[in-house]
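K.L.:
Just start_18.tsv, nothing more (TSV, C-alpha atoms and all ligand atoms):
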chain	number	residue	atom	x	y	z
A	1	MET	CA	0.00	0.00	0.00
A	2	THR	CA	1.30	3.51	-0.84
A	3	PRO	CA	2.45	5.32	2.33
A	4	VAL	CA	0.52	8.46	3.29
A	5	LEU	CA	3.79	10.38	3.59
A	6	THR	CA	7.21	9.67	2.09
A	7	VAL	CA	10.18	11.91	2.86
A	8	GLU	CA	13.26	11.53	0.67
A	9	LYS	CA	16.66	13.01	1.56
A	10	LEU	CA	15.11	16.13	3.04
A	11	SER	CA	17.45	18.93	4.15
A	12	VAL	CA	16.64	22.33	5.61
A	13	GLU	CA	19.16	25.15	5.98
A	14	PHE	CA	18.64	28.57	7.52
A	15	ASP	CA	20.66	31.71	6.78
A	16	VAL	CA	21.48	33.13	10.18
A	17	ALA	CA	23.03	36.47	11.10
A	18	THR	CA	26.14	35.87	13.18
A	19	ASP	CA	26.03	39.39	14.60
A	20	GLY	CA	22.69	41.21	14.77
A	21	ASN	CA	24.43	44.59	15.27
A	22	TRP	CA	26.41	44.38	12.03
A	23	PRO	CA	23.95	43.41	9.30
A	24	TRP	CA	26.58	43.68	6.56
A	25	ILE	CA	28.53	40.78	8.07
A	26	PRO	CA	27.72	37.82	5.80
A	27	LYS	CA	25.11	35.37	7.03
A	28	ARG	CA	26.06	31.79	7.84
A	29	LYS	CA	24.29	28.57	6.94
A	30	LEU	CA	22.74	26.62	9.79
A	31	THR	CA	21.86	23.09	8.73
A	32	ALA	CA	18.93	22.05	10.92
A	33	VAL	CA	17.95	18.87	9.00
A	34	ARG	CA	20.18	16.78	6.74
A	35	ASP	CA	19.27	14.02	4.29
A	36	VAL	CA	16.36	12.66	6.30
A	37	SER	CA	14.31	9.86	4.67
A	38	PHE	CA	11.38	7.85	6.04
A	39	GLU	CA	7.81	6.85	5.24
A	40	VAL	CA	4.66	6.46	7.30
A	41	GLY	CA	1.42	4.71	6.35
A	42	SER	CA	-2.17	4.62	7.65
A	43	GLN	CA	-2.49	3.20	11.17
A	44	GLU	CA	1.28	3.60	11.64
A	45	THR	CA	3.03	5.94	14.05
A	46	LEU	CA	6.54	7.18	13.46
A	47	GLY	CA	8.06	8.14	16.81
A	48	LEU	CA	10.68	10.85	16.30
A	49	VAL	CA	13.15	11.25	19.11
A	50	GLY	CA	16.20	13.43	19.67
A	51	GLU	CA	17.49	16.04	22.10
A	52	SER	CA	16.28	19.60	22.04
A	53	GLY	CA	17.81	21.39	19.02
A	54	SER	CA	18.20	18.21	16.96
A	55	GLY	CA	15.86	19.44	14.19
A	56	LYS	CA	12.58	17.69	15.01
A	57	THR	CA	10.33	20.76	14.75
A	58	THR	CA	12.13	22.02	11.64
A	59	LEU	CA	11.58	18.64	9.96
A	60	ILE	CA	7.84	18.71	10.57
A	61	ARG	CA	7.59	22.38	9.63
A	62	ALA	CA	9.16	21.46	6.29
A	63	ILE	CA	6.58	18.67	5.89
A	64	ALA	CA	3.75	21.07	6.78
A	65	GLY	CA	5.12	23.58	4.25
A	66	THR	CA	5.93	26.35	6.72
A	67	VAL	CA	9.69	26.33	6.05
A	68	PRO	CA	11.20	25.79	2.59
A	69	LEU	CA	13.24	22.65	1.83
A	70	SER	CA	16.86	23.17	0.79
A	71	SER	CA	16.83	19.80	-0.97
A	72	GLY	CA	14.92	16.53	-1.04
A	73	ARG	CA	11.33	15.56	-1.80
A	74	ILE	CA	8.08	15.08	0.07
A	75	LEU	CA	5.56	12.67	-1.42
A	76	TRP	CA	1.91	12.73	-0.35
A	77	GLU	CA	0.26	9.38	-1.12
A	78	GLY	CA	3.07	8.74	-3.60
A	79	GLU	CA	2.87	12.11	-5.43
A	80	ASP	CA	5.50	14.85	-5.22
A	81	LEU	CA	4.01	17.73	-3.20
A	82	THR	CA	5.86	20.34	-5.26
A	83	HIS	CA	3.80	19.32	-8.30
A	84	PHE	CA	0.46	19.90	-6.54
A	85	ASP	CA	-1.85	22.67	-7.76
A	86	ARG	CA	-3.65	25.02	-5.34
A	87	ARG	CA	-6.69	22.78	-4.98
A	88	SER	CA	-4.64	19.68	-4.15
A	89	ARG	CA	-2.53	21.65	-1.64
A	90	ARG	CA	-5.68	22.80	0.09
A	91	GLN	CA	-6.81	19.18	0.27
A	92	VAL	CA	-3.45	18.18	1.81
A	93	ARG	CA	-3.81	20.98	4.40
A	94	LYS	CA	-7.19	19.48	5.29
A	95	ASP	CA	-5.76	15.95	5.50
A	96	MET	CA	-2.67	16.88	7.56
A	97	ALA	CA	-3.33	18.08	11.12
A	98	MET	CA	-0.95	19.33	13.80
A	99	ILE	CA	-1.00	19.06	17.60
A	100	PHE	CA	1.41	21.37	19.44
A	101	GLN	CA	3.49	21.26	22.59
A	102	ASP	CA	1.96	24.01	24.71
A	103	PRO	CA	-1.78	23.36	24.64
A	104	LEU	CA	-2.88	26.65	26.21
A	105	ALA	CA	-0.61	28.80	24.01
A	106	ALA	CA	-1.84	26.97	20.90
A	107	LEU	CA	-5.50	27.90	21.58
A	108	ASN	CA	-6.93	31.34	20.78
A	109	PRO	CA	-7.87	32.81	24.21
A	110	ARG	CA	-10.73	34.86	22.70
A	111	MET	CA	-12.52	31.85	21.23
A	112	THR	CA	-14.61	29.27	23.10
A	113	ALA	CA	-13.61	25.59	23.02
A	114	GLY	CA	-16.48	24.93	20.59
A	115	GLN	CA	-15.39	27.72	18.22
A	116	ILE	CA	-11.76	26.53	18.34
A	117	ILE	CA	-12.73	22.95	17.52
A	118	ALA	CA	-15.13	24.06	14.77
A	119	GLU	CA	-12.69	26.45	13.04
A	120	PRO	CA	-11.24	23.88	10.56
A	121	ILE	CA	-14.79	22.90	9.52
A	122	ARG	CA	-15.68	26.53	8.84
A	123	THR	CA	-12.58	26.83	6.62
A	124	HIS	CA	-12.81	23.53	4.75
A	125	MET	CA	-16.53	22.63	4.86
A	126	PRO	CA	-18.39	25.96	4.59
A	127	GLU	CA	-21.43	24.14	3.20
A	128	LEU	CA	-22.32	22.66	6.63
A	129	SER	CA	-25.17	24.30	8.56
A	130	LYS	CA	-24.74	25.62	12.11
A	131	ALA	CA	-26.70	22.67	13.50
A	132	GLN	CA	-24.49	20.17	11.63
A	133	ILE	CA	-21.35	21.88	12.97
A	134	VAL	CA	-22.68	21.79	16.55
A	135	THR	CA	-23.41	18.05	16.16
A	136	LYS	CA	-19.93	17.36	14.76
A	137	VAL	CA	-18.24	19.37	17.54
A	138	GLY	CA	-20.28	17.53	20.20
A	139	GLU	CA	-19.34	14.14	18.70
A	140	ILE	CA	-15.60	14.83	18.58
A	141	MET	CA	-15.64	16.35	22.09
A	142	GLU	CA	-17.13	13.13	23.40
A	143	LYS	CA	-14.52	11.08	21.51
A	144	VAL	CA	-11.66	12.97	23.19
A	145	GLY	CA	-13.27	12.71	26.64
A	146	LEU	CA	-14.70	16.25	26.99
A	147	LEU	CA	-18.33	16.89	27.93
A	148	PRO	CA	-20.03	18.69	25.01
A	149	ASN	CA	-21.64	21.14	27.45
A	150	LEU	CA	-18.14	22.61	28.01
A	151	ALA	CA	-18.14	23.95	24.44
A	152	ASN	CA	-18.98	27.48	25.56
A	153	ARG	CA	-16.05	27.80	27.95
A	154	TYR	CA	-12.78	29.61	27.17
A	155	PRO	CA	-9.32	27.93	27.15
A	156	HIS	CA	-8.21	29.45	30.49
A	157	GLU	CA	-11.13	27.66	32.18
A	158	PHE	CA	-9.63	24.24	31.32
A	159	SER	CA	-6.68	22.31	32.80
A	160	GLY	CA	-3.56	21.64	30.68
A	161	GLY	CA	-4.72	18.09	29.92
A	162	GLN	CA	-8.18	19.32	28.89
A	163	CYS	CA	-6.64	22.04	26.67
A	164	GLN	CA	-4.64	19.33	24.90
A	165	ARG	CA	-7.87	17.35	24.42
A	166	ILE	CA	-9.36	20.47	22.77
A	167	GLY	CA	-6.26	20.62	20.52
A	168	ILE	CA	-6.70	16.94	19.64
A	169	ALA	CA	-10.42	17.42	18.90
A	170	ARG	CA	-9.61	20.35	16.60
A	171	ALA	CA	-6.91	18.32	14.84
A	172	LEU	CA	-9.18	15.33	14.30
A	173	ILE	CA	-12.47	16.98	13.41
A	174	LEU	CA	-11.84	16.74	9.66
A	175	ASN	CA	-10.78	13.09	9.94
A	176	PRO	CA	-7.21	13.75	8.68
A	177	LYS	CA	-4.99	11.12	7.05
A	178	LEU	CA	-1.89	12.27	8.96
A	179	VAL	CA	-1.62	13.81	12.42
A	180	ILE	CA	1.70	15.37	13.42
A	181	CYS	CA	2.16	15.76	17.18
A	182	ASP	CA	5.09	17.98	18.22
A	183	GLU	CA	5.94	17.01	21.82
A	184	PRO	CA	2.22	17.03	22.70
A	185	VAL	CA	2.70	15.95	26.30
A	186	ALA	CA	5.96	17.73	27.19
A	187	ALA	CA	4.15	20.65	28.85
A	188	LEU	CA	1.70	18.45	30.76
A	189	ASP	CA	1.89	17.06	34.29
A	190	VAL	CA	3.43	13.59	34.40
A	191	SER	CA	0.13	12.22	35.75
A	192	VAL	CA	-1.86	13.20	32.62
A	193	ARG	CA	0.80	12.39	29.99
A	194	ALA	CA	-0.09	8.70	29.75
A	195	GLN	CA	-3.80	9.57	29.46
A	196	VAL	CA	-3.18	11.83	26.46
A	197	VAL	CA	-0.84	9.31	24.77
A	198	ASN	CA	-3.37	6.52	25.32
A	199	LEU	CA	-6.17	8.70	23.98
A	200	LEU	CA	-4.23	9.35	20.76
A	201	LYS	CA	-3.52	5.64	20.43
A	202	GLU	CA	-7.21	4.75	20.87
A	203	LEU	CA	-8.30	7.43	18.41
A	204	GLN	CA	-5.81	6.12	15.86
A	205	ARG	CA	-7.21	2.61	16.26
A	206	GLU	CA	-10.71	3.97	15.65
A	207	LEU	CA	-9.98	6.51	12.88
A	208	GLY	CA	-7.00	4.84	11.19
A	209	MET	CA	-4.84	7.93	10.57
A	210	ALA	CA	-1.04	7.90	10.22
A	211	MET	CA	0.87	9.75	12.98
A	212	ILE	CA	4.23	11.35	13.56
A	213	PHE	CA	4.80	11.68	17.29
A	214	ILE	CA	7.75	13.75	18.50
A	215	ALA	CA	9.35	13.55	21.92
A	216	HIS	CA	12.75	14.31	23.35
A	217	ASP	CA	12.85	11.11	25.33
A	218	LEU	CA	12.03	7.55	24.45
A	219	SER	CA	9.83	6.80	27.45
A	220	VAL	CA	7.02	8.89	25.94
A	221	ILE	CA	6.99	7.39	22.46
A	222	LYS	CA	7.81	3.76	23.17
A	223	HIS	CA	4.16	2.76	23.75
A	224	ILE	CA	2.68	4.56	20.77
A	225	SER	CA	5.20	4.10	17.93
A	226	THR	CA	5.23	1.42	15.26
A	227	GLN	CA	8.60	2.74	13.99
A	228	ILE	CA	11.13	4.90	15.81
A	229	MET	CA	13.55	7.33	14.18
A	230	VAL	CA	16.39	8.71	16.29
A	231	ILE	CA	17.90	11.99	15.10
A	232	TYR	CA	20.99	13.87	16.20
A	233	LEU	CA	22.10	17.24	14.87
A	234	GLY	CA	19.57	16.96	12.05
A	235	LYS	CA	20.72	13.51	10.87
A	236	VAL	CA	19.11	10.09	11.20
A	237	MET	CA	21.14	7.88	13.55
A	238	GLU	CA	18.81	4.89	13.60
A	239	LEU	CA	15.41	3.97	12.18
A	240	ALA	CA	13.69	0.68	12.96
A	241	PRO	CA	10.40	-0.97	13.92
A	242	ALA	CA	9.71	0.21	17.48
A	243	LYS	CA	9.95	-3.20	19.18
A	244	GLU	CA	13.22	-3.99	17.43
A	245	LEU	CA	14.82	-0.63	18.19
A	246	LEU	CA	13.90	-0.86	21.87
A	247	SER	CA	15.01	-4.47	22.28
A	248	HIS	CA	17.99	-4.39	19.91
A	249	PRO	CA	19.41	-0.86	19.66
A	250	ILE	CA	22.58	-0.67	17.56
A	251	HIS	CA	23.67	2.98	17.40
A	252	PRO	CA	25.59	4.22	20.48
A	253	TYR	CA	23.30	7.28	20.68
A	254	THR	CA	20.14	5.12	20.72
A	255	ARG	CA	21.71	2.93	23.39
A	256	ALA	CA	22.44	6.00	25.50
A	257	LEU	CA	18.85	7.25	25.08
A	258	ILE	CA	17.47	3.85	26.08
A	259	ALA	CA	19.79	3.71	29.10
A	260	SER	CA	18.39	7.05	30.27
A	261	VAL	CA	14.80	5.74	30.43
A	262	PRO	CA	14.19	4.80	34.09
A	263	ILE	CA	13.12	1.21	34.88
A	264	PRO	CA	10.37	1.07	37.55
A	265	ASP	CA	11.99	-1.93	39.37
A	266	PRO	CA	14.79	-0.43	41.59
A	267	ILE	CA	16.84	-3.69	41.65
A	268	GLU	CA	16.80	-4.00	37.86
A	269	GLU	CA	17.49	-0.26	37.57
A	270	ARG	CA	20.62	-0.53	39.79
A	271	ALA	CA	21.89	-3.65	38.01
A	272	ARG	CA	21.77	-2.41	34.42
A	273	PRO	CA	24.90	-1.07	32.71
A	274	ARG	CA	25.22	2.72	32.58
A	275	VAL	CA	25.78	4.54	29.29
A	276	ILE	CA	26.23	8.16	30.25
A	277	LEU	CA	26.07	10.89	27.63
A	278	SER	CA	28.33	13.75	28.60
A	279	GLY	CA	28.44	17.23	27.10
A	280	ASP	CA	25.87	18.97	24.90
A	281	LEU	CA	24.76	18.80	21.30
A	282	PRO	CA	27.42	20.60	19.16
A	283	SER	CA	26.27	23.83	17.51
A	284	PRO	CA	24.57	23.25	14.14
A	285	LEU	CA	26.67	26.20	12.90
A	286	GLU	CA	29.83	24.16	13.54
A	287	ILE	CA	28.85	20.71	12.28
A	288	PRO	CA	31.69	18.25	13.03
A	289	LYS	CA	33.63	17.16	9.94
A	290	GLY	CA	33.45	13.46	10.77
A	291	CYS	CA	30.63	11.53	12.44
A	292	VAL	CA	28.32	14.11	14.05
A	293	PHE	CA	28.11	12.05	17.25
A	294	GLU	CA	31.87	11.65	17.64
A	295	SER	CA	32.40	14.23	20.42
A	296	ARG	CA	30.02	12.33	22.76
A	297	CYS	CA	30.23	8.76	21.51
A	298	PRO	CA	31.43	6.21	24.09
A	299	GLU	CA	32.47	3.89	21.20
A	300	ALA	CA	34.35	6.54	19.17
A	301	ARG	CA	37.67	5.59	17.59
A	302	LYS	CA	40.26	7.44	15.52
A	303	GLU	CA	38.56	6.88	12.15
A	304	CYS	CA	35.30	8.45	13.37
A	305	ALA	CA	36.69	11.97	13.01
A	306	SER	CA	37.07	11.53	9.25
A	307	ILE	CA	33.99	9.53	8.18
A	308	GLN	CA	30.42	10.73	7.68
A	309	PRO	CA	28.25	7.67	8.27
A	310	LYS	CA	24.91	7.54	6.47
A	311	PRO	CA	22.05	5.27	7.56
A	312	GLU	CA	22.75	1.78	6.18
A	313	LEU	CA	20.56	-1.29	6.22
A	314	TYR	CA	21.32	-3.47	9.23
A	315	ARG	CA	18.42	-5.81	8.53
A	316	THR	CA	15.00	-5.40	6.87
A	317	GLY	CA	13.48	-2.09	7.98
A	318	HIS	CA	16.36	-1.33	10.36
A	319	GLN	CA	18.90	1.34	9.39
A	320	VAL	CA	21.89	2.47	11.41
A	321	ALA	CA	24.35	5.32	10.77
A	322	CYS	CA	27.43	3.69	12.32
A	323	PRO	CA	29.47	1.26	10.20
A	324	PHE	CA	31.43	-0.05	13.19
A	325	GLN	CA	28.39	-1.07	15.20
A	326	ILE	CA	26.86	-2.73	12.12
A	327	THR	CA	29.90	-4.93	11.54
A	328	GLU	CA	30.59	-5.61	15.19
A	329	THR	CA	27.01	-6.59	16.01
A	330	GLY	CA	26.85	-8.74	12.88
A	331	ILE	CA	24.31	-8.56	10.07
A	332	SER	CA	21.77	-11.32	10.47
B	401	LIG	N1	13.80	29.92	11.77
B	401	LIG	C1	15.01	29.54	12.15
B	401	LIG	N2	16.11	30.28	11.85
B	401	LIG	C2	17.34	29.89	12.23
B	401	LIG	N3	17.60	28.77	12.95
B	401	LIG	C3	16.56	27.99	13.29
B	401	LIG	C4	15.21	28.33	12.92
B	401	LIG	N4	14.37	27.35	13.41
B	401	LIG	C5	15.18	26.46	14.04
B	401	LIG	N5	16.48	26.85	13.98
B	401	LIG	C6	17.63	26.11	14.53
B	401	LIG	O1	17.58	24.79	14.00
B	401	LIG	C7	18.02	23.85	14.95
B	401	LIG	C8	16.96	22.80	15.16
B	401	LIG	O2	15.86	23.39	15.82
B	401	LIG	P1	14.48	22.65	16.07
B	401	LIG	O3	14.03	22.10	14.77
B	401	LIG	O4	13.57	23.59	16.76
B	401	LIG	O5	14.91	21.47	17.04
B	401	LIG	P2	14.04	20.57	18.04
B	401	LIG	O6	12.61	20.70	17.66
B	401	LIG	O7	14.59	19.19	17.86
B	401	LIG	O8	14.32	21.10	19.42
B	401	LIG	C9	18.33	24.65	16.23
B	401	LIG	O9	19.72	24.90	16.27
B	401	LIG	C10	17.56	25.93	16.04
B	401	LIG	O10	18.19	26.99	16.71
B	402	LIG	S1	30.88	6.30	13.63
B	402	LIG	FE1	32.17	6.34	15.45
B	402	LIG	S2	31.58	8.18	16.60
B	402	LIG	FE2	29.98	7.74	15.11
B	402	LIG	S3	28.51	6.55	16.24
B	402	LIG	FE3	29.87	5.09	15.20
B	402	LIG	S4	31.47	4.64	16.71
B	402	LIG	FE4	30.41	6.48	17.41
B	403	MG	MG	10.94	21.24	18.82
Let's see the structure in the file written out as structure tokens.
P.N.:
Amino acid sequence: MTPVLTVEKLSVEFDVATDGNWPWIPKRKLTAVRDVSFEVGSQETLGLVGESGSGKTTLIRAIAGTVPLSSGRILWEGEDLTHFDRRSRRQVRKDMAMIFQDPLAALNPRMTAGQIIAEPIRTHMPELSKAQIVTKVGEIMEKVGLLPNLANRYPHEFSGGQCQRIGIARALILNPKLVICDEPVAALDVSVRAQVVNLLKELQRELGMAMIFIAHDLSVIKHISTQIMVIYLGKVMELAPAKELLSHPIHPYTRALIASVPIPDPIEERARPRVILSGDLPSPLEIPKGCVFESRCPEARKECASIQPKPELYRTGHQVACPFQITETGIS
């Protein structure tokens, strides 16, 4: 079956001023995303994980068309998006919905919950009557666990978790084919995070959309993803089916991320080997010449400073951007 979204070798660069006070000083290129490729189909969820500043938001902004690509292609149901006419682009905007990190900030404070949820219908389905819109809003509010009689309240009257449910209702009201969630639970209390993740999972089972779910740590996405893509400094380090990546991580960065997810059992937690990541992400203005992960890699060796590993097939559906780990772990 053709994937809903295919991304091929996508790169995004920004021209940044190195000194705001001296505008005549030439701008420098900041590479936020480099050569990223993946695909996601209906009912599938691509979990996208990487530290803050690794290019996750830029990647999805490029997919949503809010930042230009420097190179690469985006295919929507197998067709190159750049070849779409205005009508088809409008259809893609209807079929691609976004859920943002800060639920309260993402909602217009001057609109009621009902108006916020109904806004995409007013834009894309102007033929519906007021009564039909009210019915649709009530139905989706129930689906996301909000009482329809709350439709006349304003965002500040809801808790963070409820605001995110409003954001989810708004995203899903047009029954989109792809839902992109940019760290949707990062701003929520730990106690409500699992509820929101489970809600999205249930809604996907019912409505069948494809999802991209971004988080900066693996504990959030491990229960919802069918595939996981790990990125570092804008590059793919590892991409694999979720179960395989979690049980059989190959790249040293993925291993470090997995080691940082706490295990509830204290005995098991104390017994497991530690992989500690020291230092910070290098600046994307000073991309290392060799492997981008070299300055923090516990497995780094001399050659790493002069090679630029690309994701290579380790086994079906599992790609790893580290030639040493591929050979040392053995291709099966
Ligand atoms: N509009 C922009 N102009 C210049 N640099 C940007 C812009 N947007 C993002 N960046 C830079 O791109 C890099 C990746 O950012 P981002 O995609 O927001 O990462 P993440 O979402 O993983 O935290 C960062 O270094 C950030 O400063
Ligand atoms: S290429 Fe070298 S530095 Fe990069 S991940 Fe592999 S071992 Fe580490
Ligand atoms: Mg981000």
K.L.:
For range 175-191 of chain A, list every protein, DNA or RNA residue within 8 Å, evaluated using all atoms listed in the file, and leave out those in the same chain fewer than 6 positions away; present the list as a list in words.
P.N.:
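What passes the distance filter is Val4, Ser42, Thr57, Ile60, Lys94, Asp95, Met96, Ala97, Met98, Ile99, Phe100, Gln101, Asp102, Pro103, Gly160, Gly161, Gln164, Val197, Leu207, Gly208, Met209, Ala210, Met211, Ile212, Phe213, Ile214, Ala215 and His216 of chain A.
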K.L.:
Axis-aligned box over every listed atom of range 101-107 of chain A, padded by 5 Å per side: centre and edges in Å to one decimal, as JSON?
P.N.:
{"center_x": -1.0, "center_y": 25.0, "center_z": 23.6, "size_x": 19.0, "size_y": 17.5, "size_z": 15.3}
K.L.:
So, with all atoms listed in the file as the atoms that count, which of A:Met125, A:Leu257, A:Ile326, A:Ile231 lies closest to ligand LIG 402 (chain B)?
P.N.:
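With all atoms listed in the file as the atom set, the closest residue is A:Ile326.
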K.L.:
Smallest atom-to-atom distance to ligand LIG 401 (chain B): which of A:Tyr232, A:Phe38, A:Trp24, A:Trp76, using only C-alpha atoms and all ligand atoms?
P.N.:
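Closest to ligand LIG 401 (chain B), using only C-alpha atoms and all ligand atoms: A:Tyr232.
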K.L.:
Could you give me, as a tab-separated table, every chain A residue with an atom at most 6 Å from ligand LIG 401 (chain B), plus its closest atom pair and distance in Å to one decimal, counting all atoms listed in the file, rows ordered by chain then number?
P.N.:
residue	atom	partner	partner_atom	distance
A:Phe14	CA	B:LIG401	C2	5.1
A:Val16	CA	B:LIG401	C2	5.6
A:Ala32	CA	B:LIG401	O1	4.3
A:Ser52	CA	B:LIG401	O8	3.6
A:Gly53	CA	B:LIG401	O5	3.5
A:Ser54	CA	B:LIG401	O7	3.8
A:Gly55	CA	B:LIG401	O3	3.3
A:Lys56	CA	B:LIG401	O7	3.8
A:Thr57	CA	B:LIG401	O6	3.7
A:Thr58	CA	B:LIG401	O3	3.7
A:Pro284	CA	B:LIG401	O9	5.5
